[in-house]
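Asker: A single structure is presented below for examination.
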Amino acid sequence: MNVMCMPLASTLAVTRMILGGVWNRHPDLRLLVVHGGGYLPFYVARTDHAWKVRPELRHQLDVPPSQVLKRIYVDTNVFDPHMVAHLVSTLGADHVLMGTDYPFDMGPVDPVGFLAGVDLDRADRDRVLGGNAAQLFGIDTGRG
């Protein structure tokens, strides 16, 4: 069940938070969602469409869900370099962090090697490999 349920749980939780207007009430909230943010970054167009055609989804959310999704951080624990590239394209390289799934056994054996297979320029790769985490968690890396 771990194979599908963990990303699904992330999807459901984040979708409820977005549609429930959590970021309207807490605009400075920073959230890191494991498993690449679940399925939402890959189906955000469907979520935006639902928001447009279903008035009840706009009661607590005054912008399309995709706009809120860009304020969320996700990890790279998605097992496919193309999916990581999609996350970077959808959310921005500054919102994607390397994921290991440690201490669990479902993470990539070599997460740094896995990211080497993702088509990213050096600056974006450096962000994903650790720069974003340092910035998000306020860690001084001495790099300026």
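Residue names in the structure tokens use chain letters A, B, ... in the order shown, residue numbers from 1 in each chain, and ligand numbers from 1 in the order shown.
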Quick one: residues within 9 Å of Val118 (chain A), only C-alpha atoms counted, chain neighbours fewer than 2 positions away excluded, as an NGL selection string?

Answerer: :A and (80-85 or 114-116 or 120 or 125)

Asker: What does the file look like for those residues with N, CA and C atoms, as a compact mmCIF listing (two decimals), in the first residue's frame?

Answerer:
# COMPACT_ATOMS: atom_id res chain seq x y z
N ASP A 80 11.72 9.31 -11.11
CA ASP A 80 11.81 9.47 -12.56
C ASP A 80 12.40 10.85 -12.84
N PRO A 81 13.53 10.92 -13.53
CA PRO A 81 14.14 12.22 -13.81
C PRO A 81 13.20 13.19 -14.53
N HIS A 82 12.34 12.67 -15.41
CA HIS A 82 11.40 13.54 -16.13
C HIS A 82 10.39 14.16 -15.17
N MET A 83 10.02 13.41 -14.14
CA MET A 83 9.08 13.94 -13.15
C MET A 83 9.74 15.05 -12.33
N VAL A 84 11.01 14.90 -12.01
CA VAL A 84 11.72 15.97 -11.30
C VAL A 84 11.79 17.20 -12.19
N ALA A 85 12.09 17.01 -13.47
CA ALA A 85 12.13 18.14 -14.40
C ALA A 85 10.77 18.83 -14.46
N PHE A 114 20.99 10.10 -8.77
CA PHE A 114 19.68 10.19 -9.43
C PHE A 114 19.49 11.58 -10.02
N LEU A 115 19.81 12.61 -9.24
CA LEU A 115 19.63 13.98 -9.73
C LEU A 115 20.56 14.32 -10.87
N ALA A 116 21.69 13.60 -10.98
CA ALA A 116 22.60 13.83 -12.11
C ALA A 116 21.91 13.49 -13.43
N LEU A 120 19.02 19.63 -15.70
CA LEU A 120 19.00 20.91 -14.99
C LEU A 120 20.32 21.63 -15.24
N ARG A 125 20.56 22.82 -10.32
CA ARG A 125 20.99 21.59 -9.65
C ARG A 125 21.52 21.91 -8.25

Asker: Enumerate as a PyMOL selection string all residues of chain A assigned to strand (DSSP E or B) by DSSP on the backbone, naming them with the chain letters and numbers the document uses.

Answerer: chain A and resi 32-33+73-75+96-97

Asker: Using CA of Gly38 (chain A) and CA of Leu57 (chain A) as the two end points, give the distance in Å to one decimal.

Answerer: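 Separating CA of Gly38 (chain A) from CA of Leu57 (chain A) is a distance of 20.1 Å.
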
Asker: So that I can check the surroundings of Ala9 (chain A), please list as a PyMOL selection string every protein, DNA and RNA residue that reaches within 12 Å of it, counting only C-alpha atoms and ignoring chain neighbours fewer than 2 positions away.

Answerer: chain A and resi 1-7+11-16+33-40

Asker: What does the distance between CA of Thr141 (chain A) and CA of Leu32 (chain A) come to in Å, to one decimal place?

Answerer: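 Separation of CA of Thr141 (chain A) and CA of Leu32 (chain A): 20.2 Å.
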
Asker: From the list A:Arg127, A:His26, A:Arg46, A:Lys70, which residue is nearest Leu91 (chain A) when using only C-alpha atoms?

Answerer: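 Result for the nearest residue to Leu91 (chain A): A:Lys70.
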
Asker: Quick one: everything within 10 Å of Leu136 (chain A), counting only C-alpha atoms, minus sequence neighbours fewer than 6 positions away in the same chain. Send it as an NGL selection string.

Answerer: :A and (30-32 or 73 or 94-95 or 97 or 130)

Asker: What does the file look like for those residues with N, CA and C atoms, as an mmCIF file, in the first residue's frame?

Answerer:
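Resulting contents of result.cif:
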data_model
loop_
_atom_site.group_PDB
_atom_site.id
_atom_site.type_symbol
_atom_site.label_atom_id
_atom_site.label_comp_id
_atom_site.auth_asym_id
_atom_site.auth_seq_id
_atom_site.Cartn_x
_atom_site.Cartn_y
_atom_site.Cartn_z
ATOM 1 N N ARG A 30 5.099 28.258 5.017
ATOM 2 C CA ARG A 30 6.016 27.499 4.163
ATOM 3 C C ARG A 30 5.813 26.032 4.494
ATOM 4 N N LEU A 31 5.566 25.232 3.480
ATOM 5 C CA LEU A 31 5.271 23.817 3.660
ATOM 6 C C LEU A 31 6.112 23.004 2.691
ATOM 7 N N LEU A 32 6.766 21.979 3.201
ATOM 8 C CA LEU A 32 7.518 21.038 2.372
ATOM 9 C C LEU A 32 6.723 19.742 2.324
ATOM 10 N N TYR A 73 6.848 23.809 -1.208
ATOM 11 C CA TYR A 73 8.109 23.137 -1.521
ATOM 12 C C TYR A 73 7.848 21.640 -1.603
ATOM 13 N N ASP A 94 13.530 26.773 -7.323
ATOM 14 C CA ASP A 94 13.704 27.237 -5.947
ATOM 15 C C ASP A 94 12.718 26.609 -4.964
ATOM 16 N N HIS A 95 11.810 25.758 -5.454
ATOM 17 C CA HIS A 95 10.835 25.097 -4.580
ATOM 18 C C HIS A 95 10.949 23.574 -4.608
ATOM 19 N N LEU A 97 13.435 20.362 -3.467
ATOM 20 C CA LEU A 97 14.554 19.970 -2.610
ATOM 21 C C LEU A 97 14.848 18.490 -2.803
ATOM 22 N N GLY A 130 20.848 21.313 -2.369
ATOM 23 C CA GLY A 130 21.019 21.770 -0.992
ATOM 24 C C GLY A 130 20.783 23.245 -0.769
#

Asker: Determine, counting only C-alpha atoms, which protein, DNA and RNA residues have an atom within 12 Å of an atom of Lys52 (chain A); residues of the same chain fewer than 5 positions away are not included. Present the result as a list of chain:residue names.

Answerer: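 Result of the neighbour search: A:Ala45, A:Arg46, A:Thr47, A:Leu57, A:Arg58, A:His59, A:Leu61, A:Asp62, A:Val63, A:Pro64, A:Pro65, A:Ser66.
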
Asker: I need the residues in chain A that are helix (DSSP H, G or I) according to DSSP; give them as a ChimeraX atom specification.

Answerer: /A:2-19,22-25,35-37,40-42,44-53,55-58,65-69,81-91,93-95,111-116,122-137

Asker: Compile the contact shell of Phe104 (chain A) as a list in words: residues with an atom at most 12 Å away, counting only C-alpha atoms, same-chain residues fewer than 5 positions apart removed.

Answerer: Asn2, Asn77, Gly99 and Val109 of chain A

Asker: Can you tell me, as a compact mmCIF listing (two decimals) with C-alpha atoms, in the first residue's frame, what residues are no more than 10 Å from Leu129 (chain A) when counting only C-alpha atoms, ignoring any on the same chain fewer than 5 positions away?

Answerer:
# COMPACT_ATOMS: atom_id res chain seq x y z
CA THR A 76 12.56 14.85 -5.52
CA VAL A 96 12.28 21.62 -5.19
CA LEU A 97 14.55 19.97 -2.61
CA MET A 98 16.48 16.72 -2.83
CA GLY A 99 14.57 13.93 -1.11
CA PRO A 111 19.86 10.45 -4.52
CA VAL A 112 22.71 12.66 -5.75
CA LEU A 115 19.63 13.98 -9.73
CA ALA A 123 22.52 26.72 -10.73
CA ASP A 124 19.21 24.83 -10.54
CA ALA A 134 19.71 25.90 3.36

Asker: Could you state the separation of CA of Gly131 (chain A) and CA of Val44 (chain A) in Å, given to one decimal place?

Answerer: 25.8 Å

Asker: Between A:Met17, A:Val22, A:Val68, A:Val128, single out the one closest to Leu87 (chain A), counting only C-alpha atoms.

Answerer: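 Residue with the minimum atom-to-atom distance to Leu87 (chain A): A:Val128.
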
Asker: Counting only C-alpha atoms, figure out which residue out of A:Leu8, A:Val88, A:Ala93, A:Leu19 gets nearest to Ala50 (chain A).

Answerer: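 Using only C-alpha atoms, the shortest distance to Ala50 (chain A) belongs to A:Leu19.
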